Each structure stands twice: as C-alpha cells, then as structure tokens.
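Text of final.txt (compact mmCIF, C-alpha atoms and all ligand atoms) as supplied:
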```
# COMPACT_ATOMS: atom_id res chain seq x y z
CA MET B 1 96.01 93.10 85.13
CA ASN B 2 96.14 89.31 85.29
CA ASP B 3 99.29 87.26 84.89
CA VAL B 4 99.13 85.95 81.35
CA ILE B 5 101.03 84.39 78.52
CA GLN B 6 99.88 84.81 74.94
CA ARG B 7 101.21 83.31 71.74
CA PHE B 8 100.98 84.90 68.30
CA MET B 9 101.94 84.11 64.72
CA PHE B 10 103.31 86.35 62.01
CA GLU B 11 101.00 85.31 59.17
CA HIS B 12 102.58 83.69 56.09
CA THR B 13 105.99 83.47 57.78
CA ALA B 14 107.83 80.88 59.86
CA THR B 15 108.10 83.29 62.79
CA ARG B 16 106.00 82.96 65.90
CA GLY B 17 106.10 84.70 69.23
CA ALA B 18 104.95 84.68 72.83
CA TRP B 19 104.47 87.49 75.30
CA ILE B 20 104.28 87.12 79.07
CA ARG B 21 103.48 89.43 81.96
CA LEU B 22 103.91 88.29 85.56
CA SER B 23 103.14 90.09 88.78
CA LYS B 24 100.87 88.46 91.37
CA SER B 25 101.92 84.88 90.61
CA VAL B 26 105.53 85.89 91.23
CA SER B 27 104.81 87.70 94.49
CA ASP B 28 102.68 84.72 95.61
CA ALA B 29 105.57 82.34 94.80
CA LEU B 30 108.17 84.52 96.52
CA GLU B 31 106.23 85.34 99.68
CA HIS B 32 107.22 81.89 100.96
CA HIS B 33 110.87 82.92 100.82
CA ASP B 34 112.92 85.75 102.21
CA TYR B 35 115.35 86.50 99.38
CA PRO B 36 116.95 89.87 98.61
CA ASP B 37 115.20 91.94 95.89
CA MET B 38 117.90 91.21 93.31
CA VAL B 39 117.42 87.46 93.79
CA ASN B 40 113.64 87.87 93.57
CA GLN B 41 114.04 89.61 90.22
CA LEU B 42 116.22 86.78 88.92
CA LEU B 43 113.63 84.25 90.07
CA ALA B 44 110.85 86.27 88.44
CA LYS B 45 112.70 86.20 85.12
CA ALA B 46 113.44 82.49 85.56
CA MET B 47 109.71 81.83 86.13
CA ALA B 48 108.93 83.80 82.96
CA CYS B 49 111.50 81.65 81.10
CA SER B 50 109.94 78.43 82.41
CA CYS B 51 106.48 79.51 81.13
CA LEU B 52 107.89 80.55 77.75
CA LEU B 53 109.57 77.15 77.49
CA VAL B 54 106.27 75.40 78.21
CA SER B 55 104.46 77.50 75.61
CA SER B 56 107.13 76.85 73.01
CA ILE B 57 107.69 73.14 73.59
CA LYS B 58 104.03 72.32 74.32
CA LEU B 59 104.88 69.53 76.66
CA ALA B 60 102.24 67.75 78.75
CA GLY B 61 104.26 67.85 81.94
CA LYS B 62 106.62 70.26 83.61
CA VAL B 63 109.66 72.26 82.62
CA ILE B 64 112.39 73.03 85.14
CA PHE B 65 114.67 75.96 84.47
CA GLN B 66 117.85 75.69 86.54
CA LEU B 67 120.77 78.08 86.55
CA GLN B 68 123.80 76.70 88.41
CA THR B 69 126.83 78.98 88.67
CA ASP B 70 129.68 79.84 91.01
CA GLY B 71 128.02 83.17 91.86
CA LYS B 72 126.50 84.36 95.12
CA ALA B 73 123.24 82.67 94.05
CA PRO B 74 124.58 79.23 93.01
CA LEU B 75 121.09 77.94 92.22
CA ILE B 76 118.17 79.75 90.59
CA LEU B 77 115.37 77.28 89.91
CA ALA B 78 111.94 77.87 88.41
CA GLN B 79 109.30 75.47 87.28
CA SER B 80 106.10 75.61 85.25
CA ASN B 81 103.69 72.92 84.13
CA GLU B 82 101.42 73.01 81.08
CA GLN B 83 98.71 74.76 83.09
CA TYR B 84 101.20 77.50 83.92
CA HIS B 85 101.32 76.70 87.61
CA ILE B 86 104.67 78.15 88.61
CA ARG B 87 107.00 77.93 91.61
CA ALA B 88 110.63 78.80 92.30
CA LEU B 89 113.50 78.70 94.76
CA ALA B 90 117.10 79.90 95.08
CA ARG B 91 120.14 78.89 97.08
CA LEU B 92 122.41 81.62 98.34
CA ASP B 93 126.05 81.32 99.29
CA ASN B 94 126.38 83.77 102.15
CA ASP B 95 130.05 82.92 102.71
CA SER B 96 131.15 84.12 99.28
CA PRO B 97 133.26 87.31 99.17
CA GLU B 98 131.38 90.62 99.13
CA ASP B 99 132.14 91.44 95.48
CA THR B 100 130.97 88.06 94.09
CA PRO B 101 128.30 88.60 91.41
CA LEU B 102 124.92 86.92 91.94
CA LEU B 103 125.40 84.81 88.82
CA GLY B 104 128.86 83.60 87.87
CA LYS B 105 130.07 80.94 85.48
CA GLY B 106 128.29 77.63 85.19
CA HIS B 107 125.45 76.24 83.16
CA LEU B 108 121.77 76.45 82.41
CA ALA B 109 119.96 73.13 82.67
CA ILE B 110 116.50 72.72 81.18
CA THR B 111 114.66 69.60 82.30
CA LEU B 112 111.54 68.39 80.54
CA ALA B 113 109.51 66.02 82.71
CA PRO B 114 106.53 64.64 80.80
CA ASP B 115 103.50 63.51 82.84
CA HIS B 116 102.87 59.78 83.02
CA SER B 117 106.52 58.96 82.42
CA ASP B 118 109.52 58.46 84.66
CA GLU B 119 111.79 59.56 81.88
CA LYS B 120 113.22 63.07 81.99
CA PHE B 121 115.07 64.92 79.26
CA GLN B 122 117.75 67.41 80.16
CA GLY B 123 119.55 69.90 77.95
CA LEU B 124 122.62 71.81 79.19
CA VAL B 125 124.21 74.97 77.86
CA THR B 126 127.09 76.95 79.33
CA PHE B 127 126.38 80.10 81.29
CA ASP B 128 129.38 82.34 81.14
CA ASP B 129 128.73 85.57 83.04
CA ASP B 130 126.00 86.38 80.57
CA SER B 131 122.31 87.04 80.88
CA MET B 132 119.37 84.69 81.23
CA ASN B 133 118.08 85.85 77.85
CA THR B 134 121.18 84.85 75.94
CA ALA B 135 121.48 81.57 77.86
CA LEU B 136 117.91 80.61 76.96
CA GLU B 137 118.45 81.69 73.34
CA ARG B 138 121.49 79.41 73.27
CA TYR B 139 119.45 76.53 74.71
CA PHE B 140 116.76 76.87 72.02
CA ASP B 141 119.42 77.16 69.34
CA GLN B 142 121.52 74.18 70.47
CA SER B 143 119.02 71.79 72.03
CA GLU B 144 115.85 72.50 70.06
CA GLN B 145 117.40 73.89 66.84
CA ILE B 146 115.01 76.85 66.98
CA PRO B 147 116.57 80.29 66.37
CA THR B 148 115.21 82.46 69.20
CA LYS B 149 115.32 86.02 70.47
CA LEU B 150 114.19 86.74 74.00
CA TYR B 151 113.61 90.12 75.62
CA LEU B 152 113.04 90.32 79.38
CA ALA B 153 112.45 93.34 81.58
CA SER B 154 111.47 93.56 85.20
CA THR B 155 110.80 95.89 88.09
CA LYS B 156 110.32 94.89 91.73
CA THR B 157 106.67 94.11 91.00
CA GLU B 158 106.45 93.20 87.33
CA THR B 159 108.21 91.02 84.80
CA VAL B 160 107.55 91.10 81.06
CA GLY B 161 109.02 88.91 78.36
CA LEU B 162 108.81 88.77 74.58
CA LEU B 163 109.97 85.71 72.67
CA LEU B 164 110.42 85.49 68.89
CA GLN B 165 111.21 82.18 67.22
CA ARG B 166 111.82 80.96 63.71
CA MET B 167 110.27 77.59 63.14
CA PRO B 168 112.00 74.82 61.22
CA GLY B 169 112.12 75.07 57.45
CA ASN B 170 115.01 77.21 56.33
CA GLN B 171 113.55 79.04 53.40
CA TYR B 172 115.65 82.02 52.47
CA GLN B 173 112.77 84.48 52.98
CA ASP B 174 111.94 82.99 56.40
CA VAL B 175 115.46 83.69 57.60
CA GLU B 176 115.31 87.22 56.25
CA ILE B 177 111.90 87.98 57.78
CA PHE B 178 112.99 86.64 61.17
CA GLU B 179 116.05 88.88 61.06
CA GLU B 180 113.95 91.87 60.09
CA LEU B 181 111.52 91.18 62.98
CA THR B 182 114.32 90.87 65.53
CA ILE B 183 115.86 94.14 64.32
CA LEU B 184 112.49 95.79 64.97
CA ALA B 185 112.21 94.13 68.40
CA ASN B 186 115.75 95.24 69.30
CA THR B 187 114.47 98.82 69.32
CA LEU B 188 112.19 98.06 72.30
CA SER B 189 113.31 99.68 75.54
CA ASP B 190 112.71 98.05 78.92
CA GLU B 191 110.26 100.87 79.75
CA GLU B 192 108.25 100.13 76.61
CA LEU B 193 108.24 96.40 77.28
CA LEU B 194 107.01 96.99 80.81
CA SER B 195 104.38 99.61 80.04
CA TRP B 196 102.73 98.39 76.82
CA ASP B 197 100.15 95.65 76.62
CA LEU B 198 100.63 93.08 73.85
CA GLU B 199 98.27 94.74 71.33
CA THR B 200 100.04 98.08 71.76
CA LEU B 201 103.47 96.48 71.45
CA LEU B 202 102.57 94.60 68.26
CA ALA B 203 100.90 97.66 66.72
CA LYS B 204 103.83 99.94 67.51
CA VAL B 205 106.74 97.64 66.69
CA PHE B 206 105.44 95.29 63.99
CA HIS B 207 102.73 97.46 62.38
CA GLU B 208 103.67 96.39 58.84
CA HIS B 209 103.04 92.71 59.59
CA ASP B 210 99.85 90.67 59.81
CA ILE B 211 99.69 88.98 63.18
CA ARG B 212 97.31 86.38 64.50
CA LEU B 213 96.86 86.30 68.27
CA LEU B 214 96.12 83.02 70.00
CA PRO B 215 94.01 83.05 73.18
CA SER B 216 95.83 84.25 76.28
CA GLU B 217 96.36 81.81 79.14
CA SER B 218 96.55 82.71 82.80
CA ILE B 219 99.46 81.97 85.10
CA GLN B 220 99.39 81.35 88.82
CA PHE B 221 101.59 80.23 91.68
CA LYS B 222 100.67 76.73 92.72
CA CYS B 223 102.96 74.33 94.50
CA SER B 224 102.61 70.74 93.38
CA CYS B 225 103.62 69.24 96.71
CA SER B 226 100.94 66.98 98.20
CA GLU B 227 100.45 64.42 100.92
CA GLU B 228 100.38 61.74 98.27
CA LYS B 229 103.81 62.74 96.90
CA ILE B 230 105.32 63.05 100.38
CA GLU B 231 104.00 59.60 101.28
CA GLY B 232 105.71 58.26 98.17
CA ILE B 233 109.00 59.75 99.40
CA LEU B 234 108.49 58.23 102.86
CA ILE B 235 107.77 54.79 101.42
CA ASN B 236 110.93 55.08 99.33
CA LEU B 237 112.96 55.93 102.41
CA GLY B 238 111.77 52.71 104.02
CA LYS B 239 110.17 51.96 107.36
CA GLU B 240 113.42 51.16 109.14
CA GLU B 241 114.93 54.56 108.35
CA LEU B 242 111.74 56.35 109.48
CA LEU B 243 111.54 54.41 112.76
CA ASP B 244 115.16 55.39 113.33
CA ILE B 245 114.23 59.08 113.02
CA LEU B 246 111.32 58.56 115.43
CA LYS B 247 113.70 57.33 118.14
CA ASP B 248 114.94 60.91 118.60
CA HIS B 249 112.01 62.94 117.27
CA PRO B 250 108.29 62.99 118.04
CA TYR B 251 107.52 62.88 114.32
CA VAL B 252 109.10 62.63 110.87
CA GLU B 253 109.09 66.07 109.35
CA ILE B 254 109.31 66.83 105.63
CA HIS B 255 109.52 70.37 104.42
CA CYS B 256 108.64 71.68 100.95
CA ASP B 257 111.40 74.06 99.84
CA PHE B 258 109.07 75.77 97.36
CA CYS B 259 106.12 76.72 99.58
CA ASN B 260 107.47 76.11 103.10
CA LYS B 261 104.67 73.69 103.92
CA GLN B 262 105.55 71.21 106.69
CA PHE B 263 104.39 67.63 106.54
CA LEU B 264 104.48 65.83 109.89
CA TYR B 265 104.09 62.09 110.40
CA ARG B 266 103.75 60.45 113.82
CA LYS B 267 104.52 56.82 114.55
CA ASN B 268 100.92 55.62 114.09
CA GLN B 269 100.72 57.36 110.69
CA ILE B 270 104.00 55.78 109.59
CA ASP B 271 102.72 52.37 110.67
CA LYS B 272 99.52 52.92 108.72
CA LEU B 273 101.47 53.99 105.62
CA PHE B 274 103.34 50.70 105.55
CA ASP B 275 100.24 48.63 106.43
CA ASN B 276 98.80 49.71 103.11
CA THR B 277 101.81 48.79 101.05
ZN ZN B 301 105.10 72.93 98.29
```
Give the structure from the file, written as structure tokens.
Amino acid sequence: MNDVIQRFMFEHTATRGAWIRLSKSVSDALEHHDYPDMVNQLLAKAMACSCLLVSSIKLAGKVIFQLQTDGKAPLILAQSNEQYHIRALARLDNDSPEDTPLLGKGHLAITLAPDHSDEKFQGLVTFDDDSMNTALERYFDQSEQIPTKLYLASTKTETVGLLLQRMPGNQYQDVEIFEELTILANTLSDEELLSWDLETLLAKVFHEHDIRLLPSESIQFKCSCSEEKIEGILINLGKEELLDILKDHPYVEIHCDFCNKQFLYRKNQIDKLFDNT
C-alpha cells in the first residue's frame, strides 16, 4: 500500500476530515538516522502531523512541526511541503537520567514557511507531558481557531492518522454534528485505525453520514537540501570565514542533518563561488 493522505467532507455539514497512512516514506526518512525505535515512532507521528497540517492549511510552502521539551528527546522535528515531501530529525540528550521520559514539558512550535517569501509564521502552544494529538488539537484550536480531533496510531512499520475538523461558522447544528462525529470516532481502537483502509473506516464508523472523498495524494521522503541552497549558506558565511576554515582543513564540509548528505568545497570551488557574486 502506498503512503497517502486523503481528505473528505461530511456533506451538508461544516465538518471535514483527513486520513493518512505512512510506511515507506517514514522508513526512507529514518534510514539516514540511527534513533531508538521509540524515537522513530515519535518522528513517524510528527511526520504524519506535518502532512495533516499541510492538508488542512493548504499552504504553498512548507510546514515545520517542532516539539521542544525537557525530555530525553529535547527536539522532535518533522517537515512537509505542499507536495508531501517529508523529512525529520531528532536530538537526543544521552546524559539525562535513566528514568527521564522521551517527551517532557515544553512547547509545540508550528512554523509556516510560504514559498517565494522570506516571512515565516510561527504558532506556539504549551506541551505539558501530554500527547502529540492533544498538542496539535490545541494548536488548531488556539492558533487557527479550528476545533479539531486527531487520532494517531503507529507500529514499528506503520503510522495512521485521522483528523476531524469543524470549519468556521458556528451554527448550532454544526457544533452538534461535529460533537456527534467525534463521539463516533472516539470508539476507534488503535488496531482498527491501523488495519482498516479509509473506505472501510468511514463505512464502519460514520455509516449514517454522506461523505465525499477527495482524491488521495501520495507522500514520499525527499530532502530539500541542494547544492544551490548550500552555496547560499556559504556565501552568507563570507569568503574570509571560509578561507579561515581552509587553513586547517582540505575542504569546507557542510552536512545535511536530515539526509546525512555531505557537501564538500575545495579552495578552487570557493574561489569560483565568490567570482560569480
Ligand atoms: Zn538533505
């Protein structure tokens, strides 16, 4: 089964939803790292969240989902762009005491970075020993004013998410229908979420409602690092700084933390870079 995200609408109501299943794209993104399984599962859920954010906000650009806490994994970061190219990384604090939880207290930061603009928009919500689901629900509620319910389940190899949202317009019946739909969705077990495809899930859980499915979209791991971007970083650092590095090293080395790719620049390449500027 391919890695996909699919949106759907509950006809004649203000509720919409999105369903996501990730497997290969996550293993492709994580094979560049050597994290423990528990961290991989957090990153998989974070990548699902970043895709659900993109589908909900419909931004031409990228969304960065960043969980920063005082836990054993102080940083969980996942990113998706509007084509659902995803990537992720974590930082681990190996000096923290044995009984420290992976996620502690801190905050969830959602950054929206539109293409063709240097401006970024960041929304912050507290993360207080809770789950990613409730933190993202809080973000949608506080920063986007969209009441949201999110269900996430994962195994070592698969991650599935279901998002329900009530769109603006606070008609009394809309609020009631959204509540009714979330009560139905609350009955879903992790096993059911993981084993059913979207059609089965909708038929079994929401069979009394008319639902319109939008086309599914595929998701893949793709790192956005490129020679062009690295050269931009080098030019920003300045020639003097780079020549300083080259006094002690045969080349300037830049490493992509997402995909582990190394970019090496020798003196003649650095010279050429600044000739063109
Ligand atoms: Zn990369």
Give as number ranges by chain the residues surrounding ligand ZN 301 (chain B) up to a distance of 12 Å, considering only C-alpha atoms and all ligand atoms. B: 29, 32-33, 85-89, 221-227, 229-230, 254-263
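If only C-alpha atoms are the atoms counted, then among B:Leu214, B:Met9, B:Leu112, B:Met38 the closest residue to Val63 in chain B is B:Leu112.
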For Ala44 in chain B, find every residue with an atom within 9 Å (counting only C-alpha atoms), except residues of its own chain fewer than 2 positions away, and show them as number ranges by chain. B: 22-23, 26-27, 30, 39-42, 46-49, 78, 88, 154, 158-159
Find the distance between CA of Glu31 in chain B and CA of Arg266 in chain B and write it in Å to one decimal.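 If I compute the distance from CA of Glu31 in chain B to CA of Arg266 in chain B, I get 28.7 Å.
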Judged by only C-alpha atoms, the minimum distance to Ile146 in chain B among B:Thr13, B:Gln220, B:Gln165, B:Ser55 is found for B:Gln165
Provide the CA of Gly161 in chain B to CA of Val4 in chain B distance in Å, to one decimal place.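 CA of Gly161 in chain B sits 10.7 Å away from CA of Val4 in chain B.
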Skip Gly123 in chain B itself and residues of its chain fewer than 4 positions away, then list as JSON, numbers by chain all residues within 10 Å of it, counting only C-alpha atoms. {"B": [108, 109, 110, 111, 112, 139, 140, 142, 143, 144]}
Within 12 Å of Ser131 in chain B using all atoms listed in the file, minus same-chain residues under 5 positions, as a ChimeraX atom specification: /B:42,45-46,67,102-108,126,136-138,150-153
Enter the distance from CA of Ser216 in chain B to CA of Arg7 in chain B, in Å, rounded to one decimal.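 Answer for the CA of Ser216 in chain B to CA of Arg7 in chain B separation: 7.1 Å.
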Can you list, as a list in words, every protein, DNA or RNA residue that comes within 6 Å of Ser50 in chain B when you count all atoms listed in the file, leaving out same-chain residues fewer than 3 positions away?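 Neighbouring residues, sequence-local ones excluded: Met47, Leu53, Phe65, Gln79 and Ser80 of chain B.
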Which is closest to Glu253 in chain B among B:Ala135, B:Pro147, B:Ile233, B:Lys272, if we use all atoms listed in the file?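 Between B:Ala135, B:Pro147, B:Ile233, B:Lys272, the residue approaching Glu253 in chain B most closely is B:Ile233.
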Selection as a PyMOL selection string: residues within 8 Å of (108.9, 88.5, 67.9), counting only C-alpha atoms: chain B and resi 15-18+149+162-165+181-182+185
Find, counting all atoms listed in the file, the residue in B:Leu92, B:Ile270, B:Leu43, B:Leu213 that gets nearest to Ile5 in chain B.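 Looking only at the distances to Ile5 in chain B, the closest residue turns out to be B:Leu213.
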From the block I gave, I'd like range 87-118 of chain B written with N, CA and C atoms, as a short mmCIF file (atom, residue, chain, number, x, y, z; two decimals), in the first residue's frame.
```
data_model
loop_
_atom_site.label_atom_id
_atom_site.label_comp_id
_atom_site.auth_asym_id
_atom_site.auth_seq_id
_atom_site.Cartn_x
_atom_site.Cartn_y
_atom_site.Cartn_z
N ARG B 87 10.48 14.99 5.70
CA ARG B 87 11.77 14.65 6.29
C ARG B 87 11.70 14.95 7.78
N ALA B 88 12.63 14.40 8.56
CA ALA B 88 12.54 14.57 10.01
C ALA B 88 13.89 14.36 10.67
N LEU B 89 14.02 14.91 11.88
CA LEU B 89 15.20 14.62 12.70
C LEU B 89 14.86 14.80 14.17
N ALA B 90 15.70 14.21 15.02
CA ALA B 90 15.52 14.35 16.48
C ALA B 90 16.86 14.68 17.09
N ARG B 91 16.82 15.30 18.28
CA ARG B 91 18.04 15.42 19.09
C ARG B 91 17.78 14.64 20.36
N LEU B 92 18.80 13.90 20.78
CA LEU B 92 18.66 13.10 22.00
C LEU B 92 19.63 13.60 23.05
N ASP B 93 19.16 13.60 24.29
CA ASP B 93 20.02 14.01 25.39
C ASP B 93 20.45 12.74 26.13
N ASN B 94 21.62 12.24 25.77
CA ASN B 94 22.04 10.96 26.33
C ASN B 94 22.57 11.07 27.76
N ASP B 95 22.72 12.31 28.24
CA ASP B 95 23.20 12.49 29.62
C ASP B 95 22.06 12.59 30.62
N SER B 96 20.81 12.60 30.13
CA SER B 96 19.70 12.75 31.07
C SER B 96 19.54 11.46 31.88
N PRO B 97 19.01 11.58 33.13
CA PRO B 97 18.87 10.40 33.98
C PRO B 97 18.01 9.32 33.31
N GLU B 98 18.29 8.08 33.68
CA GLU B 98 17.66 6.91 33.07
C GLU B 98 16.13 7.00 32.99
N ASP B 99 15.50 7.53 34.06
CA ASP B 99 14.02 7.50 34.10
C ASP B 99 13.38 8.72 33.44
N THR B 100 14.17 9.55 32.76
CA THR B 100 13.59 10.72 32.07
C THR B 100 12.68 10.24 30.93
N PRO B 101 11.45 10.79 30.83
CA PRO B 101 10.61 10.39 29.70
C PRO B 101 11.15 10.98 28.40
N LEU B 102 10.78 10.37 27.26
CA LEU B 102 11.26 10.90 25.97
C LEU B 102 10.80 12.33 25.76
N LEU B 103 9.51 12.58 26.04
CA LEU B 103 8.97 13.92 25.92
C LEU B 103 8.64 14.44 27.30
N GLY B 104 9.07 15.64 27.61
CA GLY B 104 8.78 16.21 28.93
C GLY B 104 7.86 17.41 28.80
N LYS B 105 8.22 18.47 29.50
CA LYS B 105 7.43 19.70 29.41
C LYS B 105 8.14 20.66 28.46
N GLY B 106 7.35 21.42 27.73
CA GLY B 106 7.95 22.36 26.80
C GLY B 106 6.88 22.97 25.92
N HIS B 107 7.16 23.01 24.61
CA HIS B 107 6.14 23.55 23.72
C HIS B 107 6.19 22.90 22.34
N LEU B 108 5.08 23.06 21.65
CA LEU B 108 4.99 22.65 20.25
C LEU B 108 5.01 23.92 19.43
N ALA B 109 5.95 24.00 18.50
CA ALA B 109 6.03 25.15 17.60
C ALA B 109 5.68 24.70 16.19
N ILE B 110 4.74 25.39 15.58
CA ILE B 110 4.39 25.10 14.18
C ILE B 110 4.82 26.31 13.36
N THR B 111 5.71 26.06 12.40
CA THR B 111 6.19 27.15 11.54
C THR B 111 5.64 26.96 10.14
N LEU B 112 5.04 28.02 9.62
CA LEU B 112 4.56 28.01 8.24
C LEU B 112 5.51 28.86 7.43
N ALA B 113 6.14 28.25 6.42
CA ALA B 113 7.11 28.97 5.60
C ALA B 113 6.62 28.97 4.16
N PRO B 114 5.90 30.04 3.77
CA PRO B 114 5.40 30.08 2.39
C PRO B 114 6.56 30.17 1.39
N ASP B 115 6.37 29.55 0.21
CA ASP B 115 7.36 29.70 -0.87
C ASP B 115 7.37 31.16 -1.29
N HIS B 116 8.46 31.55 -1.93
CA HIS B 116 8.57 32.90 -2.50
C HIS B 116 8.34 34.00 -1.47
N SER B 117 8.72 33.72 -0.22
CA SER B 117 8.62 34.76 0.80
C SER B 117 9.64 34.45 1.87
N ASP B 118 10.26 35.50 2.41
CA ASP B 118 11.20 35.28 3.50
C ASP B 118 10.48 35.29 4.83
#
```
